[in-house]
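Let me begin by presenting the structure, written as structure tokens, before commenting on it.
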Protein chains: 2
Amino acid sequence: MSDRVAKNALFDSLADVAKALASGRRAEIVDLLGQGERSVDEVAVEIGQSVANTSQHLRVLLRSGLLTTRREGTRVFYALANDRVEELWRVLRDVAAEHVAGFDDLARAYLGDREGVEIVSRAELARRLRQGDVVLLDVRPAVEFNAGHIAGARAVPLAELRQHLRSIPADADVVAYCRGPYCVYADEAVRLLHRRGVVARRLEDGFPEWRRAKLPVARGAD
Amino acid sequence: MSDRVAKNALFDSLADVAKALASGRRAEIVDLLGQGERSVDEVAVEIGQSVANTSQHLRVLLRSGLLTTRREGTRVFYALANDRVEELWRVLRDVAAEHVAGFDDLARAYLGDREGVEIVSRAELARRLRQGDVVLLDVRPAVEFNAGHIAGARAVPLAELRQHLRSIPADADVVAYCRGPYCVYADEAVRLLHRRGVVARRLEDGFPEWRRAKLPVARGAD
DNA sequence: AATATTGTCAAGAGATCACTTGAATACTTG
DNA sequence: CAAGTATTCAAGTGATCTCTTGACAATATT
């Protein structure tokens with residue numbers, strides 16, 4: 001059939017979206033931007049790549065329509081184009097977790113042994129927050145907290161957790177959260193708190209999932 | 001940080017799933033298998049590639065966990081691993097339709113001008129089927145009809161539509177459906193029916209979406 | 001056992017991709 | 001306007017990807 005060429009072109013164009021995500025570094029970028037917009041330089045630091053290379057990855061994602069940009073002075077901020085992109089990322093992540101051979105091992109290698117880290121479901125955390133008997137720590141970098149956080153959370157970036165230890169009541173029931181299920185921050189926070197004898201758990205996933213579930217969120221420095 | 005290596009490996013492995021879909025031909029395969037399992041040879045014919053190349057594409061999808069296989073005599077049947085894979089494909093398709101520049105043009109080039117082809121929503125079709133005042137044609141190949149179809153549909157593969165024209169009452173309200181929103185069969189059926197003076201429309205998408213919406217389905221030759 | 005059918009593997013050609021390096025551009029500030 | 005900062009572009013290298021060709025493997029039929 002002569003439709004072959006047109007059909008190939010159509011499906012190649014569908015595949016272009018997948019291609020945009022078909023690089024570990026770009027996947028990392030999408031995961032990161034799920035927390036809010038970032039400048040090229042910030043993204044470069046987060047993904048551990050040169051600025052030039054990061055810029056090229058961002059352009060690829062932009063060209064495929066997954067991102068938008070905003071200029072502010074000399075800086076350019078990239079953000080996810082919309083919620084559907086976030087949904088695509090989430091579904092992709094779930095499929096990988098379910099189907100990719102060896103994925104669990106890789107996750108364990110990066111996140112460390114999660115044996116000692118107890119999990120709190122979104123539903124339970126929402127209930128405990130309403131009751132007011134839980135100390136909720138947002139252990140992501142401050143920029144991300146400001147861009148949006150769970151209502152009632154305290155901004156305690158992982159790097160500063162040590163300094164805040166004193167202000168956490170010894171008998172408190174602490175929950176920490178970060179970017180999502182494959183982010184180390186909350187795990188490390190929980191482990192540190194445990195070592196100090198504080199009862200702490202981590203939220204099952206992260207802020208994007210909470211927002212998506214239409215649970216209460218807030219913005220700004222606090 | 002020394003976590004860099006582990007983090008890269010984790011996200012590379014997430015990107016592997018995207019990589020599996022990052023080829024137009026493999027995208028076509030996933031779209032096709034959404035209708036039900038197929039042998040290597042059948043897939044090869046559908047995507048217009050050699051058997052050897054098709055086999056390699058199928059192995060890539062298999063290795064990434066998106067497909068499963070079943071052997072029957074000398075033939076090997078491939079199928080989507082589960083519903084989540086279908087969901088991933090659907091979300092990817094939607095994101096492409098929404099974000100990829102020029103996607104609409106490519107779709108029009110393949111599907112032809114859809115001006116004259118009126119659309120029926122799933123909800124309306126479901127209602128009309130309950131009332132029993134609609135003739136519903138499944139214009140996909142017979143294998144796909146047998147693997148699953150909308151309850152109440154008649155199997156009328158596009159190639160055989162001409163022979164069935166006589167058995168369609170001139171005053172009937174006809175609806176045709178096929179694989180999904182980017183499948184040509186239903187459009188072509190509607191155009192043919194129009195030329196014969198029959199009032200016909202196409203379902204907004206296809207069988208997989210109908211099944212996913214938990215609307216009534218049936219299996220087998222009728 | 002010989003033959004046919006169906007699918008997989010291996011090697012190779014040409015295209016595309018990821019990252020590096022160094023230069024160019026866009027904007028701000030002094 | 002000059003200098004500085006943030007980003008993008010262009011060229012190049014080694015690796016990976018797609019498709020082809022031809023051989024090989026597994027199963028069924030005679």
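Residue numbering restarts at 1 for every chain of the structure tokens, chains are lettered A, B, ... in their displayed order, and ligands are numbered from 1 as they appear.
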
Neighbouring residues of DT25 in chain C were defined as those with any atom within 10 Å, considering only C-alpha atoms (C1' of nucleotides); residues of the same chain fewer than 6 positions away were excluded. Please report them as JSON, numbers by chain. {"D": [7, 8, 9]}

Interface residues on chain C facing chain A, 9 Å, only C-alpha atoms (C1' of nucleotides), written as a PyMOL selection string: chain C and resi 18-20+26-28

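Note that CA of Glu115 in chain A and CA of Val134 in chain A are 22.1 Å apart.
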
Using DSSP on the backbone, list every residue of range 45-212 of chain A that comes out as helix (DSSP H, G or I), and give them as an NGL selection string. :A and (45-47 or 51-63 or 83-99 or 103-111 or 122-131 or 142-147 or 158-167 or 185-195 or 207-212)

Take the selection from the previous step and output its residues with C-alpha atoms, as a compact mmCIF listing (two decimals), in the first residue's frame.
# COMPACT_ATOMS: atom_id res chain seq x y z
CA VAL A 45 24.13 20.36 38.64
CA GLU A 46 21.28 18.01 39.57
CA ILE A 47 21.92 15.52 36.80
CA VAL A 51 25.86 22.76 31.02
CA ALA A 52 26.30 22.35 27.26
CA ASN A 53 25.15 18.76 27.33
CA THR A 54 22.27 19.58 29.65
CA SER A 55 21.17 22.38 27.37
CA GLN A 56 21.08 19.98 24.46
CA HIS A 57 19.01 17.46 26.40
CA LEU A 58 16.60 20.22 27.39
CA ARG A 59 16.26 21.30 23.77
CA VAL A 60 15.43 17.74 22.76
CA LEU A 61 12.68 17.62 25.34
CA LEU A 62 11.49 21.07 24.30
CA ARG A 63 11.40 20.14 20.63
CA ASP A 83 0.01 17.57 33.81
CA ARG A 84 -0.26 15.01 31.02
CA VAL A 85 3.52 14.92 30.73
CA GLU A 86 3.74 14.22 34.43
CA GLU A 87 1.19 11.46 34.00
CA LEU A 88 3.23 9.96 31.17
CA TRP A 89 6.31 9.98 33.36
CA ARG A 90 4.42 8.37 36.23
CA VAL A 91 2.98 5.59 34.07
CA LEU A 92 6.38 4.94 32.50
CA ARG A 93 7.92 4.68 35.94
CA ASP A 94 5.25 2.24 37.09
CA VAL A 95 5.64 0.07 34.03
CA ALA A 96 9.40 -0.02 34.54
CA ALA A 97 9.00 -0.95 38.20
CA GLU A 98 6.62 -3.72 37.28
CA HIS A 99 8.25 -5.11 34.16
CA PHE A 103 14.85 -2.82 38.26
CA ASP A 104 14.40 -3.56 41.96
CA ASP A 105 18.08 -4.34 42.33
CA LEU A 106 19.05 -1.05 40.74
CA ALA A 107 16.60 0.81 42.93
CA ARG A 108 18.04 -0.88 46.00
CA ALA A 109 21.57 -0.07 44.91
CA TYR A 110 20.71 3.60 44.65
CA LEU A 111 18.27 4.02 47.52
CA ARG A 122 -0.94 9.11 51.41
CA ALA A 123 -4.33 8.32 52.95
CA GLU A 124 -2.87 7.76 56.38
CA LEU A 125 -0.74 10.87 56.24
CA ALA A 126 -3.74 12.95 55.16
CA ARG A 127 -5.69 11.62 58.14
CA ARG A 128 -2.87 12.22 60.61
CA LEU A 129 -2.42 15.74 59.29
CA ARG A 130 -6.08 16.49 59.92
CA GLN A 131 -5.67 15.17 63.45
CA ALA A 142 14.25 24.87 49.47
CA VAL A 143 13.44 25.90 45.88
CA GLU A 144 11.21 22.91 45.50
CA PHE A 145 9.47 23.52 48.81
CA ASN A 146 8.74 27.06 47.72
CA ALA A 147 7.40 25.92 44.37
CA LEU A 158 18.24 17.18 54.02
CA ALA A 159 21.50 19.13 54.29
CA GLU A 160 20.10 21.16 57.16
CA LEU A 161 18.35 18.37 58.99
CA ARG A 162 21.11 18.07 61.61
CA GLN A 163 20.60 21.67 62.68
CA HIS A 164 16.87 21.19 63.12
CA LEU A 165 17.12 18.02 65.16
CA ARG A 166 16.86 19.89 68.42
CA SER A 167 13.56 21.49 67.45
CA TYR A 185 16.28 12.25 50.49
CA ALA A 186 13.40 10.98 52.61
CA ASP A 187 15.12 7.63 53.18
CA GLU A 188 18.29 9.32 54.35
CA ALA A 189 16.33 11.66 56.59
CA VAL A 190 14.50 8.75 58.19
CA ARG A 191 17.75 6.85 58.77
CA LEU A 192 19.37 9.88 60.36
CA LEU A 193 16.38 10.44 62.63
CA HIS A 194 16.37 6.78 63.64
CA ARG A 195 19.99 7.06 64.67
CA PHE A 207 4.97 15.72 46.45
CA PRO A 208 3.88 15.37 42.77
CA GLU A 209 1.77 12.33 43.60
CA TRP A 210 0.23 14.13 46.57
CA ARG A 211 -0.71 17.11 44.42
CA ARG A 212 -2.08 14.84 41.74

Can you pull out the residues contacting DT3 in chain C? Cut-off 12 Å, using only C-alpha atoms (C1' of nucleotides), and skip same-chain residues under 6 positions away; I want them as a list in words. DA28, DT29 and DT30 of chain D

Hey, what's within 12 Å of DA10 in chain C if we count only C-alpha atoms (C1' of nucleotides) and toss same-chain stuff fewer than 5 positions away? As a PDB file with N, CA and C atoms (P, O5', C5', C4', C3', O3' and C1' of nucleotides), in the first residue's frame, please?
ATOM      1  N   ALA B  52      12.670 -11.199   9.802  1.00  0.00           N
ATOM      2  CA  ALA B  52      13.866 -11.126  10.650  1.00  0.00           C
ATOM      3  C   ALA B  52      13.863  -9.834  11.462  1.00  0.00           C
TER       4      ALA B  52
ATOM      5  P    DT D  21      18.222  -7.564   1.378  1.00  0.00           P
ATOM      6  O5'  DT D  21      19.344  -8.627   1.722  1.00  0.00           O
ATOM      7  C5'  DT D  21      20.720  -8.246   1.730  1.00  0.00           C
ATOM      8  C4'  DT D  21      21.552  -9.400   2.270  1.00  0.00           C
ATOM      9  C3'  DT D  21      21.082 -10.780   1.800  1.00  0.00           C
ATOM     10  O3'  DT D  21      22.170 -11.465   1.206  1.00  0.00           O
ATOM     11  C1'  DT D  21      21.335 -10.741   4.168  1.00  0.00           C
ATOM     12  P    DG D  22      21.931 -12.855   0.428  1.00  0.00           P
ATOM     13  O5'  DG D  22      22.433 -13.915   1.503  1.00  0.00           O
ATOM     14  C5'  DG D  22      23.676 -13.711   2.172  1.00  0.00           C
ATOM     15  C4'  DG D  22      23.786 -14.706   3.303  1.00  0.00           C
ATOM     16  C3'  DG D  22      23.272 -16.112   2.939  1.00  0.00           C
ATOM     17  O3'  DG D  22      24.206 -17.076   3.405  1.00  0.00           O
ATOM     18  C1'  DG D  22      22.231 -15.354   4.892  1.00  0.00           C
ATOM     19  P    DA D  23      23.967 -18.652   3.219  1.00  0.00           P
ATOM     20  O5'  DA D  23      24.068 -19.211   4.706  1.00  0.00           O
ATOM     21  C5'  DA D  23      25.149 -18.768   5.529  1.00  0.00           C
ATOM     22  C4'  DA D  23      24.784 -19.026   6.988  1.00  0.00           C
ATOM     23  C3'  DA D  23      24.457 -20.494   7.293  1.00  0.00           C
ATOM     24  O3'  DA D  23      25.144 -20.867   8.476  1.00  0.00           O
ATOM     25  C1'  DA D  23      22.707 -19.098   8.026  1.00  0.00           C
ATOM     26  P    DC D  24      25.145 -22.400   8.938  1.00  0.00           P
ATOM     27  O5'  DC D  24      24.084 -22.424  10.130  1.00  0.00           O
ATOM     28  C5'  DC D  24      24.304 -21.599  11.276  1.00  0.00           C
ATOM     29  C4'  DC D  24      23.069 -21.661  12.139  1.00  0.00           C
ATOM     30  C3'  DC D  24      22.630 -23.092  12.514  1.00  0.00           C
ATOM     31  O3'  DC D  24      22.626 -23.170  13.935  1.00  0.00           O
ATOM     32  C1'  DC D  24      20.799 -21.764  11.803  1.00  0.00           C
TER      33       DC D  24
END

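Excluding DC17 in chain C itself and same-chain residues fewer than 3 positions from it, the residues having an atom within 9 Å of it are DA15, DT16 and DC17 of chain D, counting only C-alpha atoms (C1' of nucleotides).
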
Just list the residues in range 44-168 of chain A DSSP gives strand (DSSP E or B) on the backbone, as a list in words. Leu67, Thr68, Thr69, Arg70, Arg71, Glu72, Arg75, Val76, Phe77, Tyr78, Ala79, Leu80, Ile119, Val120, Val135, Leu136, Leu137, Asp138, His149, Ile150, Arg154 and Ala155 of chain A

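When only C-alpha atoms (C1' of nucleotides) are used to measure the gap to chain D, the shortest distance among B:Ala81, B:Ala27, B:Val184, B:Val76 belongs to B:Val76.
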
Could you list, as an NGL selection string, the residues of chain D having an atom within 8 Å of chain B when counting only C-alpha atoms (C1' of nucleotides)? :D and (19 or 26-28)

Those same residues - C-alpha atoms (C1' of nucleotides) - I'd like them written as a PDB file, in the first residue's frame.
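Final output, saved to part-v9.pdb:
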ATOM      1  C1'  DC D  19      17.508  -2.762   8.612  1.00  0.00           C
ATOM      2  C1'  DA D  26      12.767 -25.755  16.498  1.00  0.00           C
ATOM      3  C1'  DT D  27       8.721 -27.995  15.405  1.00  0.00           C
ATOM      4  C1'  DA D  28       5.352 -30.355  12.251  1.00  0.00           C
TER       5       DA D  28
END

Please measure the separation of CA of Gly152 in chain A and CA of Asp138 in chain A, giving the value in Å to one decimal. 9.7 Å

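From CA of Ile29 in chain A back to CA of Leu10 in chain B, the distance works out to 13.3 Å.
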
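Look at Ala172 in chain A: the protein and nucleic acid residues within 9 Å of it, using only C-alpha atoms (C1' of nucleotides) and passing over chain neighbours fewer than 2 places away, are Asp133, Val134, Val135, Ile168, Pro169, Ala170, Val174, Val198, Val199 and Ala200 of chain A.
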
Selected residues written out with N, CA and C atoms, as a compact mmCIF listing (two decimals), in the first residue's frame:
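Output (part-v7.txt):
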# COMPACT_ATOMS: atom_id res chain seq x y z
N ASP A 133 -1.46 15.34 64.68
CA ASP A 133 -0.50 14.69 65.58
C ASP A 133 0.69 14.11 64.85
N VAL A 134 1.17 14.83 63.83
CA VAL A 134 2.33 14.34 63.10
C VAL A 134 3.21 15.54 62.71
N VAL A 135 4.52 15.33 62.76
CA VAL A 135 5.46 16.36 62.31
C VAL A 135 5.90 15.99 60.90
N ILE A 168 12.92 19.18 67.04
CA ILE A 168 11.92 18.13 66.86
C ILE A 168 11.72 17.41 68.19
N PRO A 169 10.53 17.47 68.73
CA PRO A 169 10.26 16.83 70.02
C PRO A 169 10.65 15.35 69.98
N ALA A 170 11.27 14.86 71.05
CA ALA A 170 11.76 13.49 71.08
C ALA A 170 10.65 12.47 70.93
N VAL A 174 7.29 11.47 63.36
CA VAL A 174 7.79 12.23 62.21
C VAL A 174 7.55 11.49 60.90
N VAL A 198 14.65 9.03 67.07
CA VAL A 198 13.33 9.59 66.77
C VAL A 198 12.54 8.60 65.92
N VAL A 199 11.25 8.45 66.23
CA VAL A 199 10.40 7.59 65.41
C VAL A 199 10.06 8.32 64.12
N ALA A 200 10.50 7.79 62.99
CA ALA A 200 10.26 8.47 61.72
C ALA A 200 9.93 7.47 60.62

List as a PyMOL selection string the protein and nucleic acid residues near Leu32 in chain A, meaning an atom at most 10 Å away when only C-alpha atoms (C1' of nucleotides) are counted, but skip any in the same chain fewer than 3 places from it. chain A and resi 26-29+35-38+43+46-47+79-80+144+179-180+183

Those residues you just picked out, can you put them in a file as a short mmCIF file (atom, residue, chain, number, x, y, z; two decimals), in the first residue's frame with C-alpha atoms?
data_model
loop_
_atom_site.label_atom_id
_atom_site.label_comp_id
_atom_site.auth_asym_id
_atom_site.auth_seq_id
_atom_site.Cartn_x
_atom_site.Cartn_y
_atom_site.Cartn_z
CA ARG A 26 16.49 13.14 30.08
CA ALA A 27 14.38 10.85 32.25
CA GLU A 28 16.13 12.35 35.26
CA ILE A 29 15.35 15.83 33.96
CA GLN A 35 9.02 19.31 41.27
CA GLY A 36 8.84 22.64 39.45
CA GLU A 37 10.72 24.75 36.92
CA ARG A 38 14.54 24.96 36.93
CA VAL A 43 19.39 21.09 36.05
CA GLU A 46 21.28 18.01 39.57
CA ILE A 47 21.92 15.52 36.80
CA ALA A 79 9.25 23.33 33.07
CA LEU A 80 7.02 20.38 32.19
CA GLU A 144 11.21 22.91 45.50
CA ARG A 179 10.41 14.01 45.25
CA GLY A 180 8.91 10.61 44.75
CA CYS A 183 14.29 9.83 45.60
#
